[in-house]
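J.: What follows is the file data.txt, containing compact mmCIF, C-alpha atoms:
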# COMPACT_ATOMS: atom_id res chain seq x y z
CA MET E 1 -59.15 -50.65 54.95
CA ALA E 2 -58.74 -50.16 58.67
CA THR E 3 -55.24 -50.87 59.95
CA ARG E 4 -53.72 -51.90 63.24
CA THR E 5 -50.58 -50.34 64.62
CA SER E 6 -49.40 -53.58 66.24
CA ILE E 7 -47.55 -56.21 64.24
CA LYS E 8 -48.08 -59.91 64.85
CA ARG E 9 -44.84 -61.89 64.53
CA ALA E 10 -45.15 -65.25 62.82
CA ARG E 11 -44.67 -68.16 65.16
CA LEU E 12 -41.90 -70.43 63.93
CA ALA E 13 -42.80 -74.10 63.71
CA SER E 14 -40.02 -76.55 64.45
CA SER E 15 -38.61 -77.84 61.20
CA PRO E 16 -35.87 -80.33 60.38
CA LYS E 17 -32.44 -79.14 59.40
CA GLU E 18 -32.26 -78.39 55.70
CA ASN E 19 -29.72 -80.08 53.49
CA LYS E 20 -27.68 -77.34 51.88
CA LYS E 21 -26.17 -79.66 49.27
CA VAL E 22 -27.24 -78.86 45.70
CA LEU E 23 -28.87 -81.96 44.35
CA PRO E 24 -28.20 -83.12 40.79
CA ARG E 25 -30.94 -82.76 38.21
CA SER E 26 -33.28 -85.72 37.99
CA ASP E 27 -35.17 -85.88 34.71
CA HIS E 28 -37.85 -88.17 36.13
CA LEU E 29 -38.19 -86.71 39.61
CA LEU E 30 -40.87 -84.16 38.74
CA VAL E 31 -42.97 -86.70 36.86
CA SER E 32 -42.97 -89.09 39.80
CA SER E 33 -43.73 -86.27 42.24
CA THR E 34 -46.73 -84.94 40.35
CA LYS E 35 -48.22 -88.32 39.50
CA GLY E 36 -48.52 -89.70 43.01
CA LYS E 37 -51.25 -91.90 44.40
CA GLN E 38 -53.07 -89.02 46.02
CA LYS E 39 -56.33 -88.32 44.23
CA THR E 40 -57.01 -84.84 42.92
CA LYS E 41 -60.27 -83.42 44.25
CA GLN E 42 -62.56 -82.02 41.62
CA SER E 43 -63.65 -78.49 42.37
CA THR E 44 -67.39 -77.92 42.15
CA LYS E 45 -67.30 -74.38 43.43
CA PRO E 46 -69.35 -72.06 41.19
CA LEU E 47 -67.54 -69.27 39.36
CA PRO E 48 -67.75 -65.77 40.84
CA THR E 49 -70.08 -63.24 39.23
CA SER E 50 -67.99 -60.32 40.43
CA PHE E 51 -64.36 -59.73 41.36
CA LYS E 52 -62.00 -57.65 43.46
CA ILE E 53 -58.75 -56.14 42.14
CA VAL E 54 -55.95 -55.14 44.50
CA ALA E 55 -52.84 -53.38 43.16
CA GLY E 56 -49.64 -52.19 44.82
CA SER E 57 -47.30 -49.38 43.88
CA TYR E 58 -43.84 -47.83 44.29
CA GLU E 59 -45.52 -45.03 46.23
CA ARG E 60 -46.54 -47.53 48.98
CA LEU E 61 -50.20 -47.10 48.07
CA LEU E 62 -52.55 -50.08 47.93
CA TYR E 63 -55.55 -49.76 45.61
CA GLY E 64 -58.73 -51.81 45.95
CA LEU E 65 -61.40 -52.03 43.26
CA ASP E 66 -64.70 -53.88 43.05
CA GLY E 67 -65.42 -55.23 39.56
CA SER E 68 -68.78 -56.25 38.13
CA VAL E 69 -70.25 -57.44 34.84
CA SER E 70 -73.78 -56.81 33.69
CA LEU E 71 -75.83 -57.34 30.56
CA ASN E 72 -76.18 -54.43 28.15
CA GLU E 73 -79.63 -55.18 26.80
CA THR E 74 -79.33 -52.55 24.07
CA ASN E 75 -76.84 -54.53 22.00
CA ASP E 76 -76.83 -57.85 23.89
CA SER E 77 -73.23 -57.34 25.05
CA TYR E 78 -71.59 -57.30 28.48
CA LYS E 79 -70.64 -54.22 30.46
CA PHE E 80 -67.67 -54.36 32.83
CA GLU E 81 -67.34 -51.76 35.57
CA LEU E 82 -64.69 -50.92 38.19
CA ARG E 83 -65.46 -49.07 41.41
CA PRO E 84 -62.71 -47.96 43.85
CA THR E 85 -63.20 -49.19 47.43
CA PHE E 86 -59.96 -48.21 49.18
CA ILE E 87 -56.67 -46.37 48.65
CA PHE E 88 -54.12 -46.06 51.46
CA PRO E 89 -50.37 -46.43 52.23
CA ALA E 90 -50.04 -50.08 53.29
CA HIS E 91 -46.27 -50.25 53.95
CA VAL E 92 -43.37 -47.97 54.82
CA SER E 93 -41.62 -48.84 51.55
CA CYS E 94 -42.68 -49.76 47.99
CA ILE E 95 -45.10 -52.67 47.58
CA LYS E 96 -43.51 -55.42 45.49
CA ALA E 97 -45.98 -58.32 45.74
CA VAL E 98 -49.67 -58.91 46.41
CA ALA E 99 -51.74 -62.11 46.47
CA ALA E 100 -55.32 -63.11 47.31
CA SER E 101 -56.40 -66.53 48.53
CA PRO E 102 -58.30 -68.44 45.81
CA ASN E 103 -61.77 -69.98 45.57
CA GLY E 104 -63.59 -67.36 47.60
CA GLY E 105 -60.94 -67.15 50.32
CA LYS E 106 -60.83 -64.05 52.49
CA TRP E 107 -57.10 -63.43 52.82
CA LEU E 108 -54.99 -60.80 51.11
CA ALA E 109 -51.20 -60.71 51.53
CA THR E 110 -48.93 -57.82 50.59
CA GLY E 111 -45.13 -57.81 50.53
CA SER E 112 -42.77 -54.87 50.49
CA ALA E 113 -39.18 -53.71 50.40
CA ASP E 114 -39.67 -53.12 54.14
CA GLU E 115 -39.24 -56.93 54.53
CA VAL E 116 -42.73 -57.35 56.01
CA ILE E 117 -45.61 -59.48 54.72
CA LYS E 118 -48.88 -57.96 55.83
CA VAL E 119 -52.05 -60.05 56.05
CA TRP E 120 -55.47 -58.50 55.49
CA ASP E 121 -59.03 -59.72 55.79
CA LEU E 122 -60.63 -58.75 52.48
CA ARG E 123 -64.17 -59.29 53.73
CA ARG E 124 -63.81 -57.08 56.79
CA LYS E 125 -61.33 -54.75 55.08
CA LYS E 126 -58.88 -54.68 57.96
CA GLU E 127 -55.29 -55.60 58.71
CA ILE E 128 -54.72 -58.82 60.64
CA GLY E 129 -51.00 -58.44 61.27
CA GLY E 130 -47.49 -58.70 59.86
CA LEU E 131 -45.23 -61.70 59.19
CA LEU E 132 -41.63 -60.80 60.01
CA HIS E 133 -39.85 -64.00 59.09
CA HIS E 134 -37.87 -62.72 56.08
CA GLU E 135 -34.70 -60.62 56.29
CA GLY E 136 -34.92 -59.11 52.83
CA SER E 137 -37.40 -57.48 50.46
CA ILE E 138 -40.41 -59.63 49.56
CA THR E 139 -40.26 -60.48 45.85
CA GLN E 140 -43.33 -62.68 45.39
CA LEU E 141 -46.39 -63.99 47.22
CA HIS E 142 -48.68 -66.82 46.17
CA PHE E 143 -51.53 -68.79 47.75
CA PRO E 144 -51.25 -72.38 46.41
CA SER E 145 -54.52 -73.02 48.25
CA ARG E 146 -56.79 -71.15 50.61
CA SER E 147 -54.90 -72.60 53.55
CA HIS E 148 -51.27 -71.90 52.57
CA LEU E 149 -49.20 -68.86 51.61
CA LEU E 150 -45.85 -69.16 49.85
CA SER E 151 -43.41 -66.24 49.89
CA ALA E 152 -40.09 -65.48 48.18
CA SER E 153 -37.51 -62.95 49.30
CA GLU E 154 -34.23 -61.26 48.52
CA ASP E 155 -32.81 -63.10 51.56
CA GLY E 156 -32.57 -66.21 49.37
CA THR E 157 -35.37 -68.19 51.04
CA LEU E 158 -38.94 -69.25 50.40
CA CYS E 159 -41.41 -69.65 53.26
CA LEU E 160 -44.58 -71.69 53.47
CA PHE E 161 -47.11 -70.33 55.97
CA HIS E 162 -50.27 -71.94 57.28
CA ALA E 163 -53.06 -69.47 56.57
CA ARG E 164 -54.98 -70.09 59.75
CA ASP E 165 -52.57 -69.44 62.61
CA TRP E 166 -49.81 -68.10 60.27
CA VAL E 167 -47.20 -70.53 61.56
CA VAL E 168 -44.16 -70.99 59.32
CA LEU E 169 -44.45 -74.59 58.16
CA ARG E 170 -41.31 -74.64 56.04
CA THR E 171 -38.35 -72.44 55.25
CA LEU E 172 -36.85 -73.50 51.92
CA LYS E 173 -33.16 -72.65 51.61
CA GLY E 174 -30.91 -73.24 48.62
CA HIS E 175 -30.64 -70.09 46.52
CA LYS E 176 -27.49 -68.03 46.95
CA GLY E 177 -28.94 -64.56 46.72
CA ARG E 178 -32.28 -63.05 45.78
CA VAL E 179 -35.21 -65.32 44.81
CA ASN E 180 -36.92 -63.62 41.88
CA SER E 181 -39.91 -65.85 41.25
CA VAL E 182 -41.64 -69.04 42.39
CA ALA E 183 -44.30 -71.13 40.64
CA VAL E 184 -46.36 -73.94 42.17
CA HIS E 185 -47.36 -76.90 39.99
CA PRO E 186 -51.15 -77.33 39.48
CA SER E 187 -50.92 -80.46 41.66
CA ASN E 188 -49.66 -78.26 44.56
CA LYS E 189 -47.00 -80.90 45.25
CA VAL E 190 -43.90 -79.27 43.78
CA ALA E 191 -42.66 -75.77 43.02
CA LEU E 192 -40.00 -74.17 40.85
CA SER E 193 -37.99 -71.07 41.70
CA VAL E 194 -35.41 -68.90 39.96
CA GLY E 195 -33.05 -66.32 41.38
CA LYS E 196 -30.02 -64.11 41.07
CA ASP E 197 -27.72 -67.15 41.34
CA ASN E 198 -28.69 -68.19 37.77
CA THR E 199 -30.20 -71.39 39.16
CA LEU E 200 -33.53 -73.12 38.58
CA ARG E 201 -34.56 -75.06 41.68
CA MET E 202 -37.30 -77.62 42.23
CA TRP E 203 -38.92 -78.06 45.64
CA ASP E 204 -40.95 -80.92 47.10
CA LEU E 205 -43.65 -78.99 48.95
CA MET E 206 -45.02 -82.12 50.61
CA ARG E 207 -41.75 -82.71 52.46
CA GLY E 208 -40.38 -79.17 52.46
CA LYS E 209 -37.13 -80.07 50.71
CA GLY E 210 -35.22 -79.20 47.60
CA SER E 211 -35.44 -82.05 45.10
CA ALA E 212 -33.37 -80.87 42.12
CA SER E 213 -31.52 -77.90 40.67
CA THR E 214 -29.88 -76.91 37.40
CA LYS E 215 -27.80 -73.98 36.22
CA LEU E 216 -29.51 -71.77 33.65
CA GLY E 217 -26.47 -69.77 32.59
CA LYS E 218 -28.45 -66.56 33.08
CA GLU E 219 -30.62 -64.94 35.75
CA GLY E 220 -34.19 -66.20 35.60
CA GLU E 221 -36.62 -63.41 36.42
CA VAL E 222 -39.99 -65.17 36.16
CA VAL E 223 -40.93 -68.86 36.18
CA ARG E 224 -44.43 -70.10 35.32
CA TRP E 225 -46.11 -73.48 34.90
CA SER E 226 -48.49 -74.09 32.02
CA THR E 227 -52.15 -74.58 32.95
CA THR E 228 -51.80 -78.35 32.60
CA GLY E 229 -48.47 -78.56 34.38
CA SER E 230 -46.94 -80.36 31.38
CA SER E 231 -44.40 -77.62 30.68
CA PHE E 232 -43.01 -74.42 32.16
CA VAL E 233 -41.26 -71.24 31.07
CA VAL E 234 -38.39 -69.20 32.46
CA GLN E 235 -38.19 -65.54 31.44
CA SER E 236 -34.96 -63.52 31.37
CA GLN E 237 -34.65 -60.03 29.87
CA ASN E 238 -36.42 -60.34 26.48
CA THR E 239 -36.27 -64.14 26.16
CA ILE E 240 -38.60 -66.92 27.28
CA ASP E 241 -37.24 -70.47 27.53
CA VAL E 242 -39.89 -73.19 27.19
CA PHE E 243 -39.08 -76.42 29.06
CA THR E 244 -40.71 -79.82 29.13
CA VAL E 245 -41.80 -81.26 32.46
CA ASP E 246 -38.49 -83.12 32.74
CA MET E 247 -36.43 -79.92 32.37
CA VAL E 248 -35.52 -80.33 28.70
CA LEU E 249 -35.30 -77.01 26.83
CA ARG E 250 -37.72 -77.09 23.90
CA HIS E 251 -37.84 -73.51 22.58
CA THR E 252 -36.41 -70.06 23.20
CA ILE E 253 -38.79 -67.22 22.35
CA THR E 254 -37.19 -63.83 21.66
CA HIS E 255 -39.64 -61.01 22.34
CA PRO E 256 -39.14 -57.62 20.62
CA SER E 257 -38.75 -55.76 23.94
CA ARG E 258 -37.80 -56.23 27.59
CA ILE E 259 -40.29 -58.55 29.34
CA HIS E 260 -41.66 -57.90 32.82
CA THR E 261 -44.28 -60.61 33.33
CA VAL E 262 -45.59 -63.81 31.74
CA ARG E 263 -48.57 -66.06 32.47
CA PHE E 264 -50.37 -69.00 30.88
CA SER E 265 -54.11 -69.10 30.26
CA ASN E 266 -56.64 -71.34 28.57
CA ARG E 267 -58.67 -70.00 25.67
CA VAL E 268 -62.29 -68.96 26.15
CA ASN E 269 -63.27 -69.68 22.55
CA GLY E 270 -62.01 -72.97 21.20
CA SER E 271 -59.39 -75.16 22.83
CA GLY E 272 -55.72 -74.71 23.49
CA GLU E 273 -53.38 -72.72 25.66
CA LEU E 274 -52.07 -69.16 25.46
CA LEU E 275 -48.95 -67.47 26.80
CA LEU E 276 -49.52 -63.88 27.93
CA VAL E 277 -46.48 -61.57 27.89
CA GLY E 278 -46.35 -58.07 29.39
CA ALA E 279 -43.36 -55.99 28.36
CA GLU E 280 -41.65 -52.65 27.90
CA ASP E 281 -43.47 -52.21 24.55
CA LYS E 282 -46.64 -51.12 26.45
CA LYS E 283 -48.63 -54.12 25.22
CA LEU E 284 -49.83 -57.47 26.46
CA SER E 285 -48.82 -59.89 23.70
CA ILE E 286 -50.72 -63.16 23.32
CA TYR E 287 -48.72 -66.12 22.05
CA ASP E 288 -50.53 -69.16 20.66
CA ILE E 289 -49.18 -72.46 22.02
CA PRO E 290 -49.32 -74.88 19.05
CA ASP E 291 -50.78 -78.37 19.48
CA ASP E 292 -47.51 -79.74 18.11
CA PRO E 293 -44.92 -79.07 20.84
CA GLU E 294 -42.18 -78.95 18.21
CA ASN E 295 -43.63 -75.74 16.73
CA LEU E 296 -42.57 -72.36 18.13
CA PRO E 297 -45.27 -70.23 19.85
CA THR E 298 -46.10 -67.06 17.90
CA VAL E 299 -47.94 -63.79 18.63
CA ILE E 300 -51.56 -63.87 17.44
CA ALA E 301 -53.02 -60.86 19.33
CA GLU E 302 -52.06 -57.79 21.33
CA MET E 303 -53.99 -56.17 24.16
CA THR E 304 -53.39 -52.45 23.88
CA GLY E 305 -54.18 -49.23 25.75
CA HIS E 306 -51.27 -48.66 28.13
CA SER E 307 -48.84 -45.80 27.56
CA ASN E 308 -45.96 -47.32 29.55
CA ARG E 309 -44.52 -50.74 30.41
CA VAL E 310 -46.87 -53.53 31.50
CA LYS E 311 -45.68 -54.68 34.92
CA GLU E 312 -48.01 -57.51 35.92
CA ILE E 313 -50.87 -59.73 34.66
CA GLU E 314 -53.53 -61.63 36.57
CA ILE E 315 -56.41 -63.75 35.26
CA LEU E 316 -59.72 -64.95 36.69
CA PRO E 317 -62.52 -67.18 35.30
CA LEU E 318 -65.80 -65.29 35.69
CA ALA E 319 -69.46 -66.27 35.40
CA LEU E 320 -71.53 -64.16 33.00
CA PRO E 321 -75.17 -63.09 33.36
CA ARG E 322 -77.38 -65.15 31.04
CA SER E 323 -78.85 -63.23 28.11
CA LYS E 324 -80.29 -66.06 26.01
CA ALA E 325 -80.34 -69.83 25.87
CA ASN E 326 -77.21 -70.30 23.75
CA ALA E 327 -75.20 -67.44 25.31
CA PRO E 328 -71.85 -68.21 26.98
CA THR E 329 -72.03 -68.81 30.71
CA SER E 330 -68.47 -67.78 31.57
CA THR E 331 -65.34 -66.02 30.37
CA ILE E 332 -61.79 -65.30 31.54
CA ILE E 333 -60.82 -61.75 32.44
CA LEU E 334 -57.26 -60.41 32.33
CA CYS E 335 -56.10 -57.58 34.56
CA THR E 336 -52.93 -55.61 33.81
CA VAL E 337 -51.14 -52.86 35.72
CA SER E 338 -48.65 -50.48 34.19
CA SER E 339 -46.17 -47.79 35.11
CA ASP E 340 -48.63 -45.38 33.47
CA GLY E 341 -50.79 -45.68 36.59
CA LYS E 342 -53.68 -47.45 34.90
CA ILE E 343 -55.40 -50.73 35.71
CA HIS E 344 -56.94 -52.39 32.65
CA VAL E 345 -59.40 -55.28 32.40
CA TYR E 346 -59.64 -57.31 29.18
CA ASP E 347 -62.12 -59.99 28.16
CA LEU E 348 -60.36 -63.03 26.71
CA ALA E 349 -63.58 -63.89 24.88
CA SER E 350 -62.52 -61.12 22.47
CA LEU E 351 -60.04 -63.62 21.01
CA PRO E 352 -61.82 -65.74 18.34
CA ALA E 353 -61.36 -69.50 18.23
CA ASP E 354 -59.92 -69.29 14.71
CA GLN E 355 -57.23 -66.76 15.73
CA LYS E 356 -54.20 -68.99 15.29
CA THR E 357 -50.62 -68.87 14.12
CA GLY E 358 -50.51 -67.29 10.67
CA SER E 359 -53.47 -64.98 11.27
CA GLU E 360 -53.08 -61.21 11.20
CA VAL E 361 -52.26 -59.96 14.71
CA LEU E 362 -55.52 -58.91 16.38
CA GLN E 363 -55.68 -55.70 18.43
CA ILE E 364 -57.83 -55.96 21.58
CA SER E 365 -58.91 -52.96 23.68
CA PRO E 366 -59.73 -53.02 27.41
CA VAL E 367 -63.34 -53.45 28.54
CA ALA E 368 -62.76 -51.48 31.76
CA GLU E 369 -60.12 -49.08 33.09
CA TYR E 370 -59.17 -47.32 36.30
CA ASP E 371 -56.68 -44.44 36.37
CA THR E 372 -54.66 -43.85 39.55
CA LYS E 373 -53.45 -40.52 38.13
CA GLY E 374 -49.77 -41.27 37.81
CA THR E 375 -49.06 -43.85 40.50
CA ARG E 376 -46.34 -46.30 39.40
CA LEU E 377 -48.10 -49.62 39.80
CA THR E 378 -45.97 -52.69 40.45
CA CYS E 379 -48.20 -55.69 41.17
CA VAL E 380 -51.80 -56.87 41.05
CA THR E 381 -54.06 -59.72 42.16
CA ILE E 382 -57.70 -60.62 41.52
CA ALA E 383 -59.96 -62.14 44.17
CA ASP E 384 -63.37 -63.75 43.79
CA GLY E 385 -66.39 -61.56 44.43
CA GLU E 386 -69.87 -63.02 44.81
CA ALA E 387 -70.41 -66.62 43.66
CA LEU E 388 -73.06 -67.62 41.15
CA GLU E 389 -74.83 -69.78 43.70
CA HIS E 390 -75.03 -69.19 47.43
CA ALA E 391 -75.33 -72.82 48.40
CA LYS E 392 -73.22 -72.27 51.50
CA SER E 393 -74.85 -69.11 52.74
CA VAL E 394 -77.46 -68.65 55.41
CA ASN E 395 -79.19 -65.27 55.60
CA GLY E 396 -76.39 -63.80 53.51
CA LYS E 397 -73.66 -65.16 55.81
CA ARG E 398 -71.26 -67.96 55.02
CA LYS E 399 -71.44 -71.00 57.29
CA ARG E 400 -68.28 -71.16 59.37
CA GLY E 401 -68.55 -74.94 59.67
CA ASP E 402 -68.54 -75.38 55.91
CA GLU E 403 -65.63 -72.99 55.51
CA ASP E 404 -63.60 -74.80 58.16
CA SER E 405 -64.30 -78.21 56.65
CA GLU E 406 -63.14 -76.98 53.24
CA GLN E 407 -59.91 -75.69 54.74
CA GLU E 408 -59.38 -78.95 56.63
CA ASP E 409 -59.75 -80.82 53.32
CA GLU E 410 -57.04 -78.63 51.82
CA ASP E 411 -54.81 -79.17 54.86
CA GLU E 412 -55.14 -82.95 54.79
CA GLY E 413 -52.60 -83.67 52.05
CA TRP E 414 -50.04 -81.12 53.21
CA GLY E 415 -50.21 -82.18 56.85
CA ALA E 416 -49.95 -85.88 56.09
CA HIS E 417 -46.77 -85.38 54.11
CA GLU E 418 -45.32 -83.03 56.70
CA ARG E 419 -45.75 -85.79 59.31
CA GLU E 420 -44.18 -88.32 56.94
CA ALA E 421 -41.18 -86.02 56.46
CA GLU E 422 -40.71 -85.65 60.21
CA ASP E 423 -40.97 -89.42 60.69
CA ASP E 424 -38.44 -90.08 57.92
CA GLU E 425 -35.88 -87.67 59.34
CA SER E 426 -36.36 -88.76 62.96
CA GLY E 427 -35.84 -92.35 61.89
Would you kindly transcribe this structure into structure tokens?
T.:
Amino acid sequence: MATRTSIKRARLASSPKENKKVLPRSDHLLVSSTKGKQKTKQSTKPLPTSFKIVAGSYERLLYGLDGSVSLNETNDSYKFELRPTFIFPAHVSCIKAVAASPNGGKWLATGSADEVIKVWDLRRKKEIGGLLHHEGSITQLHFPSRSHLLSASEDGTLCLFHARDWVVLRTLKGHKGRVNSVAVHPSNKVALSVGKDNTLRMWDLMRGKGSASTKLGKEGEVVRWSTTGSSFVVQSQNTIDVFTVDMVLRHTITHPSRIHTVRFSNRVNGSGELLLVGAEDKKLSIYDIPDDPENLPTVIAEMTGHSNRVKEIEILPLALPRSKANAPTSTIILCTVSSDGKIHVYDLASLPADQKTGSEVLQISPVAEYDTKGTRLTCVTIADGEALEHAKSVNGKRKRGDEDSEQEDEDEGWGAHEREAEDDESG
């Protein structure tokens, strides 16, 4: 990627004064927030047929890979391939977070211990500028939509940026110390965060305010929503606490080794949800989430191949080339990075539908691998490549009008609530 030497400072939007008072836990607040009157728009965007992997490292290096899947006509299977596209030092300190805008978006964001969030144009492979709003290391980055970027930092704050002019829409304050992780609900209306202050906090993203908090009694390191948004988990050391949507602790999972990352995913074969756990034991463990919420999740498969701790997991639904009439049309790929310097891609279709609790633990090998030759990888993201259908392309180029209208649709709900918040506080 080409880089610029100049840094663009984020323009600060005027925002109301934040209430620093810790609000009591409200067991029904999240339910009411996520079940509002606003209709959820059904996505009709076709799945990508290729993908882009971007990984960061302690050595400040940023790695870019193009991934593809093709049909192996010899044995009617699928062949996954990774091709490096760029490697360069992206920051002056170690890279701690990386995120790509979803649904074919063009933005890539990287965060570092140098306290800077850099924004890149993935299509043109060039740096756009730097966001200098935080006063501490960047701990996590996430695009809730193509038009918004959410960041977390060791300075105790979360920031919501508008991914068009990169204005800071909201600065969320409440944590006393480092924010370790943030997770946005599938509705995009609320978020959860955990930090060094042993607190779980809930945020109303529509109004840019804290809405609830509760003490965990331990430092939460990772927080993740389930795919349906009906539950969430908080990871600490080698334990995973499973909560209901109203913050009631349902289970505590004790993993055999120190955990570094967790993520939910749907199954490819059959129905149900999975919990993916990357840990010090060099494996990606797959927990089956039972249909009965009273039953404890258990390990049903392990994705192997790394020779050191698994640091991060990312997933992406992917369209498959058609081989025959009854062949599957899509799958879900998993990408892992490890301190061994390797990037692995796994096909979740390797997990059979009948692999459930009580089955012998299945061992799954990667379908593609890239070796950085010893770089200590820290974070990874997957971006869409080419889409299955080019309905919005003209002569190979995307229509700007269509792209803008899509982003305006995404902005509509956020902007409306931001105006409501300003009206409420001014009144």
J.: One decimal, Å: what's the distance from CA of Pro102 in chain E over to CA of Gly220 in chain E, could you say?
T.: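 A separation of 26.3 Å between them.
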J.: Which is closest to Gly195 in chain E among E:Lys209, E:Lys52, E:Arg309, E:Lys218, if we use all atoms listed in the file?
T.: E:Lys218
J.: How many Å separate CA of Leu351 in chain E from CA of Thr298 in chain E?
T.: 14.7 Å
J.: Residues around (-27.7, -65.9, 38.1), cut-off 9 Å, counting all atoms listed in the file - what are they as a list of chain:residue names?
T.: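 Result, sorted by chain then residue number: E:Gly177, E:Val194, E:Gly195, E:Lys196, E:Asp197, E:Asn198, E:Thr199, E:Lys215, E:Leu216, E:Gly217, E:Lys218, E:Glu219, E:Gly220.
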J.: At a cut-off of 7 Å, using all atoms listed in the file, what residues contact range 320-323 of chain E? Leave out same-chain residues fewer than 5 positions from it and give the result as a ChimeraX atom specification.
T.: /E:49,70-71,329-331
J.: Near Leu158 in chain E, within 12 Å and counting all atoms listed in the file, which residues show up once chain neighbours fewer than 4 positions away are dropped, as a PyMOL selection string?
T.: chain E and resi 133-142+149-154+168-175+177-183+191-195+201-203+205+208-210
J.: Determine, counting all atoms listed in the file, which protein, DNA and RNA residues have an atom within 8 Å of an atom of range 89-92 of chain E; residues of the same chain fewer than 6 positions away are not included. Present the result as number ranges by chain.
T.: E: 59-62, 112, 114
J.: Record the distance separating CA of Asp246 in chain E and CA of Leu160 in chain E, expressed in Å with one decimal.
T.: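 That distance, rounded to one decimal, is 24.4 Å.
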J.: Which residues are close to Ala353 in chain E, i.e. within 12 Å by all atoms listed in the file, leaving aside same-chain residues fewer than 2 positions away? Reply as a PyMOL selection string.
T.: chain E and resi 266-274+288+300+348-351+355-357+359
J.: Dig up all the protein and nucleic acid residues within 12 Å of (-60.6, -62.7, 51.4) in the file frame, using all atoms listed in the file, and format them as a compact mmCIF listing (two decimals) with C-alpha atoms, in the coordinates of the input.
T.:
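The result, stored in part13.txt:
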# COMPACT_ATOMS: atom_id res chain seq x y z
CA PHE E 51 -64.36 -59.73 41.36
CA LYS E 52 -62.00 -57.65 43.46
CA ILE E 53 -58.75 -56.14 42.14
CA VAL E 54 -55.95 -55.14 44.50
CA ALA E 99 -51.74 -62.11 46.47
CA ALA E 100 -55.32 -63.11 47.31
CA SER E 101 -56.40 -66.53 48.53
CA PRO E 102 -58.30 -68.44 45.81
CA ASN E 103 -61.77 -69.98 45.57
CA GLY E 104 -63.59 -67.36 47.60
CA GLY E 105 -60.94 -67.15 50.32
CA LYS E 106 -60.83 -64.05 52.49
CA TRP E 107 -57.10 -63.43 52.82
CA LEU E 108 -54.99 -60.80 51.11
CA ALA E 109 -51.20 -60.71 51.53
CA VAL E 119 -52.05 -60.05 56.05
CA TRP E 120 -55.47 -58.50 55.49
CA ASP E 121 -59.03 -59.72 55.79
CA LEU E 122 -60.63 -58.75 52.48
CA ARG E 123 -64.17 -59.29 53.73
CA ARG E 124 -63.81 -57.08 56.79
CA LYS E 125 -61.33 -54.75 55.08
CA LYS E 126 -58.88 -54.68 57.96
CA GLU E 127 -55.29 -55.60 58.71
CA ILE E 128 -54.72 -58.82 60.64
CA PHE E 143 -51.53 -68.79 47.75
CA ARG E 146 -56.79 -71.15 50.61
CA SER E 147 -54.90 -72.60 53.55
CA ALA E 163 -53.06 -69.47 56.57
CA THR E 381 -54.06 -59.72 42.16
CA ILE E 382 -57.70 -60.62 41.52
CA ALA E 383 -59.96 -62.14 44.17
CA ASP E 384 -63.37 -63.75 43.79
CA GLY E 385 -66.39 -61.56 44.43
CA GLU E 386 -69.87 -63.02 44.81
J.: Can you tell me, as a list in words, what residues are no more than 10 Å from Asp347 in chain E when counting all atoms listed in the file, ignoring any on the same chain fewer than 2 positions away?
T.: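 So the residues in contact are Tyr78, Phe80, Val268, Met303, Ile315, Leu318, Thr331, Ile332, Ile333, Leu334, Cys335, Val345, Ala349, Ser350, Leu351, Ile364, Ser365, Pro366, Val367 and Ala368 of chain E.
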J.: Counting all atoms listed in the file, which of E:Tyr346, E:Tyr287, E:Tyr58, E:Trp225 gets nearest to Ala97 in chain E?
T.: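 Closest residue, counting all atoms listed in the file: E:Tyr58.
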J.: Which residue out of E:Thr261, E:Thr74, E:Ser211, E:Asn188 has the minimum interatomic distance to Gln235 in chain E when only C-alpha atoms are used?
T.: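 Closest to Gln235 in chain E of all the choices is E:Thr261.
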J.: Identify which of the residues E:Lys189, E:Met247, E:Thr375, E:Thr228 lies closest to Ser213 in chain E, counting only C-alpha atoms when measuring atom-to-atom distances.
T.: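 Among E:Lys189, E:Met247, E:Thr375, E:Thr228, it is E:Met247 that comes nearest to Ser213 in chain E.
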J.: When distances are computed from all atoms listed in the file, which of E:Asp354, E:Asp165, E:Asp241, E:Glu280 shows the smallest separation from Leu296 in chain E?
T.: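 Residue with the minimum atom-to-atom distance to Leu296 in chain E: E:Asp241.
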